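**Student:** Please find one structure pasted underneath; my questions will follow.
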Amino acid sequence: MDSPPIRDETVLVTGGAGFIGSHLVDALVPHNEVRVLDSFTTGDRTHLPDDVTVIDGDVRDPIALQQSARGVDVIFHHAAVVSVSRSVDEPRQSNRTNLEASLLLLEQARQEDARVVVASSAAVYGHPEELPLTETAPTNPTTPYGVQKLATDQYTRLYEDLYGLPTVALRYFNVYGPRQQGPYSGVISTFLEQARAGDPITIEGDGQQSRDFVHVSDVVRANMRAATTDAVGEAYNIGTGQRTSILTLAETIRSATGSSSPIVHREPRAGDIRHSSADTSKATRDLGFTARVGLESGVRSLVGDRRERSTDETAGAGLEEPEERFG
Ligand code: UD2
């Protein structure tokens with residue numbers, strides 16, 4: 001089953017100035033009226049196109065949420081404290097944003113009878129017992145972040161069950177792409193920065209751990225499908241189904257950048273998950289979603305994107321889609 005594209009709707013993107021949110025905004029803007037609620041704590045205003053309504057506010061603030069959700073048809077919920085380590089240091093604080101605000105948002109959606117697409121995470125699974133992970137795999141999160149995402153994911157389903165609200169949770173695996181920045185931004189952007197600067201590429205542990213890296217353009221496509229699907233009240237894995245070791249990733253990035261950075265090993269990260277990959281057959285069946293961007297072409301486009309940006313300050317703001325445009 002496939003879903004038609006979302007058009008002529010009033011939509012709200014929470015965290016719309018963030019990494020994933022801003023790409024989603026770009027894809028929505030040509031055919032929809034788009035509002036963004038962002039506190040700009042980590043979000044970046046320069047990532048937003050002109051023709052969006054921006055509400056500078058916190059998703060934990062009921063007034064800001066009420067104001068931004070008034071009259072909307074669809075809410076894409078991407079506002080979150082994305083740092084897993086911060087959730088370990090300050091579980092109550094990240095809980096307020098990642099869980100309490102999500103519940104507030106679902107209540108607001110109920111008032112507006114709006115569809116909700118929630119950014120969930122592979123963190124809900126914890127250490128996998130079997131790979132690839134299906135949506136029915138045991139959920140044993142190993143961090144407060146994972147617990148918060150799992151509870152949000154469950155509430156999302158429950159709001160469809162109890163109140164008939166059309167909701168979808170998308171469980172992202174390791175998302176990468178342009179605009180991913182900052183200290184919690186993920187291994188690909190860290191390695192790219194290191195390779196470009198000629199600094200050592202720092203592998204935590206032996207580098208044999210592996211991840212399912214999914215390009216942000218694929219994540220955007222999954223959101224577009226989730227916005228119109230009839231298969232609501234469900235959670236879907238969003239990944240590629242391919243696993244890449246961190247060592248292979250380091251080598252891929254070194255070769256794509258032409259860098260002579262040495263690859264060095266340091267202490268493994270405490271509690272690190274060894275392997276992770278998504279079984280996306282449910283998303284394929286219900287959303288018509290299959291990832292299109294492979295890791296090598298995704299990394300190559302990212303290298304190209306950054307080269308362009310360094311020679312032309314205005315270039316690179318839009319998503320360079322290496323293989324196909326959003327479907
Ligand atoms: C990802 C998500 C996180 C959560 C989690 C669920 C990102 C950025 N984070 O965390 O939000 O959903 O999955 O399981 O997508 N590494 C190095 N060197 C570095 C940085 C990282 O070797 O400089 C390793 C790290 O030890 C880990 C792997 O790379 O084994 C991936 O790390 P990450 O922080 O990009 O993502 P992860 O899987 O911890």
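Following the order of the structure tokens, first chain is A, next is B, and so on, with residues numbered from 1 inside each chain and ligands from 1 in the order they appear.
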With only C-alpha atoms and all ligand atoms counted, collect every polymer residue having an atom within 6 Å of ligand 1; state the result as an mmCIF file with N, CA and C atoms, in the first residue's frame.
**Tutor:**
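Below is the file part_2.cif, written as the result:
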data_model
loop_
_atom_site.group_PDB
_atom_site.id
_atom_site.type_symbol
_atom_site.label_atom_id
_atom_site.label_comp_id
_atom_site.auth_asym_id
_atom_site.auth_seq_id
_atom_site.Cartn_x
_atom_site.Cartn_y
_atom_site.Cartn_z
ATOM 1 N N VAL A 82 17.932 15.696 22.419
ATOM 2 C CA VAL A 82 18.410 14.540 21.651
ATOM 3 C C VAL A 82 19.666 13.901 22.231
ATOM 4 N N SER A 121 12.380 6.266 18.370
ATOM 5 C CA SER A 121 13.808 5.956 18.195
ATOM 6 C C SER A 121 14.073 4.469 18.351
ATOM 7 N N ALA A 122 15.142 4.022 17.718
ATOM 8 C CA ALA A 122 15.622 2.653 17.930
ATOM 9 C C ALA A 122 16.063 2.459 19.380
ATOM 10 N N ALA A 123 16.230 3.558 20.093
ATOM 11 C CA ALA A 123 16.605 3.483 21.516
ATOM 12 C C ALA A 123 15.553 2.743 22.338
ATOM 13 N N ASN A 174 19.955 5.222 12.986
ATOM 14 C CA ASN A 174 20.962 6.297 13.077
ATOM 15 C C ASN A 174 20.850 7.245 11.883
ATOM 16 N N VAL A 175 20.236 8.381 12.115
ATOM 17 C CA VAL A 175 19.956 9.338 11.039
ATOM 18 C C VAL A 175 21.181 10.243 10.827
ATOM 19 N N SER A 185 25.834 15.113 17.821
ATOM 20 C CA SER A 185 25.259 15.006 16.492
ATOM 21 C C SER A 185 25.445 13.658 15.843
ATOM 22 N N GLY A 186 26.198 12.766 16.415
ATOM 23 C CA GLY A 186 26.310 11.461 15.786
ATOM 24 C C GLY A 186 27.659 11.251 15.129
ATOM 25 N N VAL A 187 27.965 9.985 14.963
ATOM 26 C CA VAL A 187 29.314 9.591 14.573
ATOM 27 C C VAL A 187 29.682 10.075 13.165
ATOM 28 N N THR A 190 30.710 13.699 13.268
ATOM 29 C CA THR A 190 31.967 13.815 14.030
ATOM 30 C C THR A 190 33.151 13.363 13.177
ATOM 31 N N THR A 202 38.374 9.287 15.669
ATOM 32 C CA THR A 202 38.388 8.609 16.973
ATOM 33 C C THR A 202 37.309 7.534 17.066
ATOM 34 N N ILE A 203 37.741 6.304 16.975
ATOM 35 C CA ILE A 203 36.797 5.193 17.133
ATOM 36 C C ILE A 203 36.729 4.810 18.610
ATOM 37 N N GLU A 204 35.508 4.722 19.125
ATOM 38 C CA GLU A 204 35.336 4.300 20.520
ATOM 39 C C GLU A 204 35.235 2.779 20.540
ATOM 40 N N GLN A 209 31.594 -2.611 16.315
ATOM 41 C CA GLN A 209 30.156 -2.359 16.546
ATOM 42 C C GLN A 209 29.558 -1.783 15.267
ATOM 43 N N ILE A 246 31.608 0.612 12.543
ATOM 44 C CA ILE A 246 32.153 1.956 12.756
ATOM 45 C C ILE A 246 33.539 2.064 12.096
ATOM 46 N N ARG A 269 32.465 3.318 24.569
ATOM 47 C CA ARG A 269 31.459 4.099 25.296
ATOM 48 C C ARG A 269 30.727 3.168 26.266
ATOM 49 N N ASP A 272 27.414 1.029 25.435
ATOM 50 C CA ASP A 272 27.185 1.113 23.983
ATOM 51 C C ASP A 272 26.502 -0.160 23.467
#
**Student:** Using DSSP secondary structure from the backbone, list all helix (DSSP H, G or I) positions within stretch 138-281 of chain A, as a ChimeraX atom specification.
**Tutor:** /A:144-163,187-197,216-226,246-257,281
**Student:** Considering only C-alpha atoms, tabulate each residue of stretch 87-123 of chain A that lies at most 8 Å from stretch 147-169 of chain A along with its nearest interatomic pair and the corresponding distance in Å to one decimal; arrange the rows by chain and ascending residue number and present them as a tab-separated table.
**Tutor:**
residue	atom	partner	partner_atom	distance
A:Asn95	CA	A:Gln148	CA	6.2
A:Asn98	CA	A:Gln148	CA	5.8
A:Leu99	CA	A:Gln148	CA	5.3
A:Ser102	CA	A:Thr152	CA	6.4
A:Leu103	CA	A:Thr152	CA	7.2
A:Leu106	CA	A:Thr156	CA	7.4
A:Arg110	CA	A:Leu165	CA	6.7
A:Asp113	CA	A:Leu165	CA	6.7
A:Ala114	CA	A:Leu165	CA	7.3
A:Arg115	CA	A:Pro166	CA	4.9
A:Val116	CA	A:Thr167	CA	4.7
A:Val117	CA	A:Val168	CA	4.8
A:Val118	CA	A:Ala169	CA	4.7
A:Ala119	CA	A:Ala169	CA	6.1
A:Ser120	CA	A:Lys149	CA	5.6
A:Ser121	CA	A:Lys149	CA	6.4
A:Ala123	CA	A:Lys149	CA	7.4
**Student:** With N, CA and C atoms kept, could you save the residues just selected as a short mmCIF file (atom, residue, chain, number, x, y, z; two decimals), in the first residue's frame?
**Tutor:**
data_model
loop_
_atom_site.label_atom_id
_atom_site.label_comp_id
_atom_site.auth_asym_id
_atom_site.auth_seq_id
_atom_site.Cartn_x
_atom_site.Cartn_y
_atom_site.Cartn_z
N ASN A 95 13.19 14.23 30.68
CA ASN A 95 11.84 13.66 30.72
C ASN A 95 10.77 14.72 30.47
N ASN A 98 11.08 15.30 26.63
CA ASN A 98 10.89 14.13 25.75
C ASN A 98 9.60 13.37 26.03
N LEU A 99 9.13 13.41 27.27
CA LEU A 99 7.91 12.68 27.57
C LEU A 99 6.74 13.60 27.94
N SER A 102 5.53 15.67 25.19
CA SER A 102 4.90 14.84 24.14
C SER A 102 3.45 14.52 24.50
N LEU A 103 3.23 14.29 25.80
CA LEU A 103 1.87 14.01 26.26
C LEU A 103 1.00 15.26 26.15
N LEU A 106 0.07 15.54 22.57
CA LEU A 106 -1.00 14.61 22.16
C LEU A 106 -2.36 15.11 22.63
N ARG A 110 -5.52 16.22 20.36
CA ARG A 110 -6.88 15.70 20.59
C ARG A 110 -7.90 16.82 20.53
N ASP A 113 -8.20 17.65 16.93
CA ASP A 113 -8.45 16.51 16.07
C ASP A 113 -7.40 16.44 14.95
N ALA A 114 -6.16 16.61 15.35
CA ALA A 114 -5.06 16.63 14.37
C ALA A 114 -4.35 15.28 14.35
N ARG A 115 -3.88 14.93 13.19
CA ARG A 115 -3.02 13.75 13.07
C ARG A 115 -1.67 14.05 13.71
N VAL A 116 -1.04 13.05 14.31
CA VAL A 116 0.27 13.27 14.92
C VAL A 116 1.26 12.22 14.42
N VAL A 117 2.41 12.70 13.95
CA VAL A 117 3.52 11.82 13.60
C VAL A 117 4.64 12.12 14.58
N VAL A 118 5.04 11.10 15.34
CA VAL A 118 6.00 11.30 16.41
C VAL A 118 7.36 10.71 16.05
N ALA A 119 8.43 11.45 16.37
CA ALA A 119 9.78 10.93 16.19
C ALA A 119 10.12 10.03 17.37
N SER A 120 10.04 8.72 17.14
CA SER A 120 10.48 7.76 18.15
C SER A 120 11.90 7.33 17.77
N SER A 121 12.38 6.27 18.37
CA SER A 121 13.81 5.96 18.19
C SER A 121 14.07 4.47 18.35
N ALA A 123 16.23 3.56 20.09
CA ALA A 123 16.60 3.48 21.52
C ALA A 123 15.55 2.74 22.34
#
**Student:** A:Asp56: which residues within 7 Å, counting only C-alpha atoms, same-chain residues fewer than 3 positions away excluded, as a PyMOL selection string?
**Tutor:** chain A and resi 37-39
**Student:** For A:Arg285, which residue among A:Ser85, A:Gln67, A:Gln181, A:Thr229 is the nearest when counting only C-alpha atoms?
**Tutor:**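 Nearest candidate to A:Arg285 out of A:Ser85, A:Gln67, A:Gln181, A:Thr229: A:Thr229.
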**Student:** Can you list, as a PyMOL selection string, every residue of stretch 97-156 of chain A that DSSP puts in strand (DSSP E or B)?
**Tutor:** chain A and resi 115-121+126+133+140
**Student:** For the residues in the current selection, export all heavy atoms as a CSV table (one decimal), in the first residue's frame.
**Tutor:**
chain,number,residue,atom,x,y,z
A,115,ARG,N,-3.9,14.9,13.2
A,115,ARG,CA,-3.0,13.7,13.1
A,115,ARG,C,-1.7,14.1,13.7
A,115,ARG,O,-1.2,15.2,13.6
A,115,ARG,CB,-2.8,13.4,11.6
A,115,ARG,CG,-1.8,12.3,11.3
A,115,ARG,CD,-1.7,12.1,9.8
A,115,ARG,NE,-2.9,11.4,9.3
A,115,ARG,CZ,-2.9,10.1,8.9
A,115,ARG,NH1,-1.8,9.4,8.9
A,115,ARG,NH2,-4.0,9.6,8.4
A,116,VAL,N,-1.0,13.0,14.3
A,116,VAL,CA,0.3,13.3,14.9
A,116,VAL,C,1.3,12.2,14.4
A,116,VAL,O,1.0,11.0,14.5
A,116,VAL,CB,0.2,13.2,16.5
A,116,VAL,CG1,1.6,13.5,17.1
A,116,VAL,CG2,-0.8,14.1,17.0
A,117,VAL,N,2.4,12.7,14.0
A,117,VAL,CA,3.5,11.8,13.6
A,117,VAL,C,4.6,12.1,14.6
A,117,VAL,O,5.1,13.3,14.7
A,117,VAL,CB,4.0,12.1,12.1
A,117,VAL,CG1,5.1,11.1,11.8
A,117,VAL,CG2,2.8,11.9,11.2
A,118,VAL,N,5.0,11.1,15.3
A,118,VAL,CA,6.0,11.3,16.4
A,118,VAL,C,7.4,10.7,16.1
A,118,VAL,O,7.4,9.6,15.5
A,118,VAL,CB,5.4,10.6,17.7
A,118,VAL,CG1,6.5,10.4,18.7
A,118,VAL,CG2,4.4,11.5,18.3
A,119,ALA,N,8.4,11.4,16.4
A,119,ALA,CA,9.8,10.9,16.2
A,119,ALA,C,10.1,10.0,17.4
A,119,ALA,O,10.4,10.5,18.5
A,119,ALA,CB,10.8,12.1,16.1
A,120,SER,N,10.0,8.7,17.1
A,120,SER,CA,10.5,7.8,18.1
A,120,SER,C,11.9,7.3,17.8
A,120,SER,O,12.5,8.0,16.9
A,120,SER,CB,9.5,6.6,18.2
A,120,SER,OG,9.9,5.7,19.2
A,121,SER,N,12.4,6.3,18.4
A,121,SER,CA,13.8,6.0,18.2
A,121,SER,C,14.1,4.5,18.4
A,121,SER,O,13.4,3.8,19.1
A,121,SER,CB,14.6,6.7,19.3
A,121,SER,OG,15.9,6.3,19.4
A,126,GLY,N,16.8,-1.0,23.2
A,126,GLY,CA,18.0,-1.4,24.0
A,126,GLY,C,18.9,-2.4,23.3
A,126,GLY,O,18.9,-2.3,22.1
A,133,LEU,N,16.0,-5.9,13.8
A,133,LEU,CA,15.0,-5.6,14.8
A,133,LEU,C,13.6,-5.4,14.1
A,133,LEU,O,13.5,-4.6,13.2
A,133,LEU,CB,15.3,-4.4,15.6
A,133,LEU,CG,16.4,-4.5,16.6
A,133,LEU,CD1,17.1,-3.2,16.9
A,133,LEU,CD2,15.8,-5.0,17.9
A,140,ASN,N,13.7,-2.9,25.8
A,140,ASN,CA,14.4,-2.8,27.1
A,140,ASN,C,15.4,-1.6,27.0
A,140,ASN,O,16.6,-1.9,26.9
A,140,ASN,CB,15.1,-4.1,27.4
A,140,ASN,CG,14.1,-5.2,27.7
A,140,ASN,OD1,13.2,-5.1,28.5
A,140,ASN,ND2,14.3,-6.3,27.0
**Student:** Excluding A:Val214 and residues on its chain fewer than 5 positions from it, collect all residues at most 8 Å away from it, counting only C-alpha atoms, and give them as a PDB file with all heavy atoms, in the first residue's frame.
**Tutor:**
ATOM      1  N   PHE A 173      16.426   4.872  13.193  1.00  0.00           N
ATOM      2  CA  PHE A 173      17.719   4.293  13.519  1.00  0.00           C
ATOM      3  C   PHE A 173      18.754   5.435  13.466  1.00  0.00           C
ATOM      4  O   PHE A 173      18.431   6.536  13.897  1.00  0.00           O
ATOM      5  CB  PHE A 173      17.973   3.059  12.648  1.00  0.00           C
ATOM      6  CG  PHE A 173      17.201   1.866  13.189  1.00  0.00           C
ATOM      7  CD1 PHE A 173      15.804   1.869  13.226  1.00  0.00           C
ATOM      8  CD2 PHE A 173      17.856   0.790  13.760  1.00  0.00           C
ATOM      9  CE1 PHE A 173      15.084   0.828  13.803  1.00  0.00           C
ATOM     10  CE2 PHE A 173      17.147  -0.272  14.327  1.00  0.00           C
ATOM     11  CZ  PHE A 173      15.763  -0.237  14.350  1.00  0.00           C
ATOM     12  N   ASN A 174      19.955   5.222  12.986  1.00  0.00           N
ATOM     13  CA  ASN A 174      20.962   6.297  13.077  1.00  0.00           C
ATOM     14  C   ASN A 174      20.850   7.245  11.883  1.00  0.00           C
ATOM     15  O   ASN A 174      21.320   6.926  10.797  1.00  0.00           O
ATOM     16  CB  ASN A 174      22.368   5.698  13.188  1.00  0.00           C
ATOM     17  CG  ASN A 174      22.612   5.076  14.547  1.00  0.00           C
ATOM     18  OD1 ASN A 174      21.930   4.128  14.940  1.00  0.00           O
ATOM     19  ND2 ASN A 174      23.551   5.617  15.282  1.00  0.00           N
ATOM     20  N   VAL A 175      20.236   8.381  12.115  1.00  0.00           N
ATOM     21  CA  VAL A 175      19.956   9.338  11.039  1.00  0.00           C
ATOM     22  C   VAL A 175      21.181  10.243  10.827  1.00  0.00           C
ATOM     23  O   VAL A 175      21.810  10.679  11.786  1.00  0.00           O
ATOM     24  CB  VAL A 175      18.735  10.215  11.387  1.00  0.00           C
ATOM     25  CG1 VAL A 175      18.336  11.068  10.189  1.00  0.00           C
ATOM     26  CG2 VAL A 175      17.559   9.350  11.853  1.00  0.00           C
ATOM     27  N   TYR A 176      21.496  10.520   9.557  1.00  0.00           N
ATOM     28  CA  TYR A 176      22.597  11.433   9.249  1.00  0.00           C
ATOM     29  C   TYR A 176      22.232  12.266   8.028  1.00  0.00           C
ATOM     30  O   TYR A 176      21.282  11.936   7.298  1.00  0.00           O
ATOM     31  CB  TYR A 176      23.907  10.653   8.982  1.00  0.00           C
ATOM     32  CG  TYR A 176      23.872   9.893   7.675  1.00  0.00           C
ATOM     33  CD1 TYR A 176      24.469  10.407   6.531  1.00  0.00           C
ATOM     34  CD2 TYR A 176      23.197   8.673   7.561  1.00  0.00           C
ATOM     35  CE1 TYR A 176      24.409   9.733   5.319  1.00  0.00           C
ATOM     36  CE2 TYR A 176      23.126   8.003   6.360  1.00  0.00           C
ATOM     37  CZ  TYR A 176      23.737   8.530   5.237  1.00  0.00           C
ATOM     38  OH  TYR A 176      23.663   7.871   4.044  1.00  0.00           O
ATOM     39  N   VAL A 219      14.268   9.672   5.876  1.00  0.00           N
ATOM     40  CA  VAL A 219      13.452   9.924   7.071  1.00  0.00           C
ATOM     41  C   VAL A 219      12.322  10.907   6.738  1.00  0.00           C
ATOM     42  O   VAL A 219      11.176  10.733   7.167  1.00  0.00           O
ATOM     43  CB  VAL A 219      14.350  10.448   8.219  1.00  0.00           C
ATOM     44  CG1 VAL A 219      13.525  10.983   9.373  1.00  0.00           C
ATOM     45  CG2 VAL A 219      15.273   9.342   8.692  1.00  0.00           C
ATOM     46  N   ILE A 238      12.351   2.892  10.970  1.00  0.00           N
ATOM     47  CA  ILE A 238      12.824   3.645   9.815  1.00  0.00           C
ATOM     48  C   ILE A 238      14.357   3.553   9.771  1.00  0.00           C
ATOM     49  O   ILE A 238      15.076   4.193  10.544  1.00  0.00           O
ATOM     50  CB  ILE A 238      12.356   5.121   9.866  1.00  0.00           C
ATOM     51  CG1 ILE A 238      10.818   5.182   9.934  1.00  0.00           C
ATOM     52  CG2 ILE A 238      12.886   5.897   8.666  1.00  0.00           C
ATOM     53  CD1 ILE A 238      10.067   4.529   8.776  1.00  0.00           C
ATOM     54  N   GLY A 239      14.807   2.702   8.884  1.00  0.00           N
ATOM     55  CA  GLY A 239      16.248   2.497   8.680  1.00  0.00           C
ATOM     56  C   GLY A 239      16.432   1.980   7.269  1.00  0.00           C
ATOM     57  O   GLY A 239      15.513   2.066   6.436  1.00  0.00           O
ATOM     58  N   THR A 240      17.621   1.424   7.012  1.00  0.00           N
ATOM     59  CA  THR A 240      17.875   0.901   5.663  1.00  0.00           C
ATOM     60  C   THR A 240      17.869  -0.626   5.633  1.00  0.00           C
ATOM     61  O   THR A 240      17.797  -1.219   4.570  1.00  0.00           O
ATOM     62  CB  THR A 240      19.268   1.349   5.160  1.00  0.00           C
ATOM     63  OG1 THR A 240      20.258   0.748   6.016  1.00  0.00           O
ATOM     64  CG2 THR A 240      19.406   2.856   5.196  1.00  0.00           C
ATOM     65  N   ALA A 291      14.136   2.694   2.170  1.00  0.00           N
ATOM     66  CA  ALA A 291      15.209   3.691   2.075  1.00  0.00           C
ATOM     67  C   ALA A 291      15.836   3.642   0.686  1.00  0.00           C
ATOM     68  O   ALA A 291      15.974   2.572   0.098  1.00  0.00           O
ATOM     69  CB  ALA A 291      16.255   3.413   3.147  1.00  0.00           C
ATOM     70  N   VAL A 293      18.708   5.854  -0.109  1.00  0.00           N
ATOM     71  CA  VAL A 293      20.081   6.360  -0.116  1.00  0.00           C
ATOM     72  C   VAL A 293      20.995   5.398   0.639  1.00  0.00           C
ATOM     73  O   VAL A 293      20.839   5.189   1.839  1.00  0.00           O
ATOM     74  CB  VAL A 293      20.138   7.768   0.534  1.00  0.00           C
ATOM     75  CG1 VAL A 293      21.557   8.319   0.460  1.00  0.00           C
ATOM     76  CG2 VAL A 293      19.163   8.710  -0.150  1.00  0.00           C
ATOM     77  N   GLY A 294      21.946   4.833  -0.087  1.00  0.00           N
ATOM     78  CA  GLY A 294      22.936   3.958   0.550  1.00  0.00           C
ATOM     79  C   GLY A 294      23.985   4.795   1.264  1.00  0.00           C
ATOM     80  O   GLY A 294      24.129   5.992   0.996  1.00  0.00           O
ATOM     81  N   LEU A 295      24.704   4.154   2.186  1.00  0.00           N
ATOM     82  CA  LEU A 295      25.653   4.910   3.013  1.00  0.00           C
ATOM     83  C   LEU A 295      26.737   5.593   2.183  1.00  0.00           C
ATOM     84  O   LEU A 295      27.052   6.757   2.397  1.00  0.00           O
ATOM     85  CB  LEU A 295      26.280   3.994   4.071  1.00  0.00           C
ATOM     86  CG  LEU A 295      27.262   4.709   5.001  1.00  0.00           C
ATOM     87  CD1 LEU A 295      26.562   5.763   5.841  1.00  0.00           C
ATOM     88  CD2 LEU A 295      27.986   3.719   5.891  1.00  0.00           C
TER      89      LEU A 295
END
**Student:** Any idea what's packed within 12 Å of A:Val72, counting only C-alpha atoms, ignoring anything in its chain fewer than 2 positions away? Could you give it as a ChimeraX atom specification?
**Tutor:** /A:8-13,32-36,65-70,74-76,108-116
**Student:** May I have the selected residues written with N, CA and C atoms, as a short mmCIF file (atom, residue, chain, number, x, y, z; two decimals), in the first residue's frame?
**Tutor:**
data_model
loop_
_atom_site.label_atom_id
_atom_site.label_comp_id
_atom_site.auth_asym_id
_atom_site.auth_seq_id
_atom_site.Cartn_x
_atom_site.Cartn_y
_atom_site.Cartn_z
N ASP A 8 -1.89 20.83 0.77
CA ASP A 8 -2.95 21.76 1.16
C ASP A 8 -3.40 21.60 2.61
N GLU A 9 -2.47 21.24 3.47
CA GLU A 9 -2.79 21.09 4.88
C GLU A 9 -2.08 22.18 5.68
N THR A 10 -2.64 22.45 6.88
CA THR A 10 -1.92 23.30 7.82
C THR A 10 -1.17 22.38 8.76
N VAL A 11 0.14 22.50 8.78
CA VAL A 11 0.94 21.56 9.57
C VAL A 11 1.80 22.30 10.58
N LEU A 12 2.07 21.61 11.68
CA LEU A 12 2.98 22.13 12.69
C LEU A 12 4.16 21.17 12.80
N VAL A 13 5.37 21.72 12.77
CA VAL A 13 6.55 20.89 13.01
C VAL A 13 7.19 21.40 14.30
N ASN A 32 2.08 23.12 1.47
CA ASN A 32 1.31 23.19 2.71
C ASN A 32 1.60 24.50 3.44
N GLU A 33 0.69 24.82 4.38
CA GLU A 33 0.97 25.97 5.24
C GLU A 33 1.70 25.44 6.47
N VAL A 34 2.91 25.93 6.67
CA VAL A 34 3.78 25.30 7.68
C VAL A 34 4.04 26.24 8.85
N ARG A 35 3.85 25.69 10.06
CA ARG A 35 4.24 26.41 11.28
C ARG A 35 5.36 25.63 11.95
N VAL A 36 6.24 26.38 12.58
CA VAL A 36 7.35 25.75 13.31
C VAL A 36 7.32 26.25 14.75
N LEU A 65 2.28 25.86 22.90
CA LEU A 65 1.80 24.68 22.18
C LEU A 65 0.38 24.91 21.66
N GLN A 66 -0.45 25.46 22.53
CA GLN A 66 -1.84 25.74 22.16
C GLN A 66 -1.90 26.71 20.99
N GLN A 67 -1.10 27.75 21.09
CA GLN A 67 -1.06 28.78 20.06
C GLN A 67 -0.59 28.19 18.72
N SER A 68 0.44 27.37 18.77
CA SER A 68 0.99 26.87 17.50
C SER A 68 0.15 25.74 16.91
N ALA A 69 -0.61 25.05 17.75
CA ALA A 69 -1.39 23.91 17.23
C ALA A 69 -2.81 24.30 16.81
N ARG A 70 -3.20 25.53 17.06
CA ARG A 70 -4.58 25.93 16.78
C ARG A 70 -4.92 25.76 15.30
N VAL A 74 -2.11 18.45 10.81
CA VAL A 74 -1.09 17.44 11.11
C VAL A 74 0.00 18.06 11.97
N ILE A 75 0.45 17.30 12.98
CA ILE A 75 1.60 17.73 13.79
C ILE A 75 2.72 16.71 13.62
N PHE A 76 3.90 17.20 13.26
CA PHE A 76 5.10 16.36 13.23
C PHE A 76 5.90 16.74 14.48
N GLN A 108 -3.14 18.23 23.09
CA GLN A 108 -3.45 19.38 22.24
C GLN A 108 -3.98 18.89 20.88
N ALA A 109 -3.36 17.85 20.36
CA ALA A 109 -3.78 17.28 19.08
C ALA A 109 -5.21 16.76 19.19
N ARG A 110 -5.52 16.22 20.36
CA ARG A 110 -6.88 15.70 20.59
C ARG A 110 -7.90 16.82 20.53
N GLN A 111 -7.53 17.96 21.12
CA GLN A 111 -8.42 19.13 21.05
C GLN A 111 -8.67 19.55 19.61
N GLU A 112 -7.60 19.47 18.81
CA GLU A 112 -7.67 19.97 17.44
C GLU A 112 -8.09 18.89 16.45
N ASP A 113 -8.20 17.65 16.93
CA ASP A 113 -8.45 16.51 16.07
C ASP A 113 -7.40 16.44 14.95
N ALA A 114 -6.16 16.61 15.35
CA ALA A 114 -5.06 16.63 14.37
C ALA A 114 -4.35 15.28 14.35
N ARG A 115 -3.88 14.93 13.19
CA ARG A 115 -3.02 13.75 13.07
C ARG A 115 -1.67 14.05 13.71
N VAL A 116 -1.04 13.05 14.31
CA VAL A 116 0.27 13.27 14.92
C VAL A 116 1.26 12.22 14.42
#
**Student:** Tell me, in Å to one decimal, how far atom CA of A:Glu90 is from atom CA of A:Asp44.
**Tutor:**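 Spanning atom CA of A:Glu90 to atom CA of A:Asp44 is a straight-line distance of 23.6 Å.
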**Student:** Using only C-alpha atoms, find the one residue out of A:Thr143, A:Ser22, A:Ser189, A:Ser277 that sits nearest to A:Val88.
**Tutor:** A:Thr143
**Student:** Given only C-alpha atoms as the basis, pick out the residue of A:Ala80, A:Ile201, A:Ile188, A:Val299 nearest to A:Thr257.
**Tutor:**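 Of the candidates, the smallest distance to A:Thr257 is held by A:Val299.
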**Student:** Using only C-alpha atoms, can you tell me which of A:Asp279, A:Glu251, A:Asp89, A:Glu135 comes closest to A:Asp212?
**Tutor:** A:Asp279
**Student:** Under the rule that only C-alpha atoms are counted, which of A:Pro30, A:Val303, A:Arg221, A:Leu170 is the nearest residue to A:Gly258?
**Tutor:**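 So, comparing all the options, the nearest one is A:Val303.
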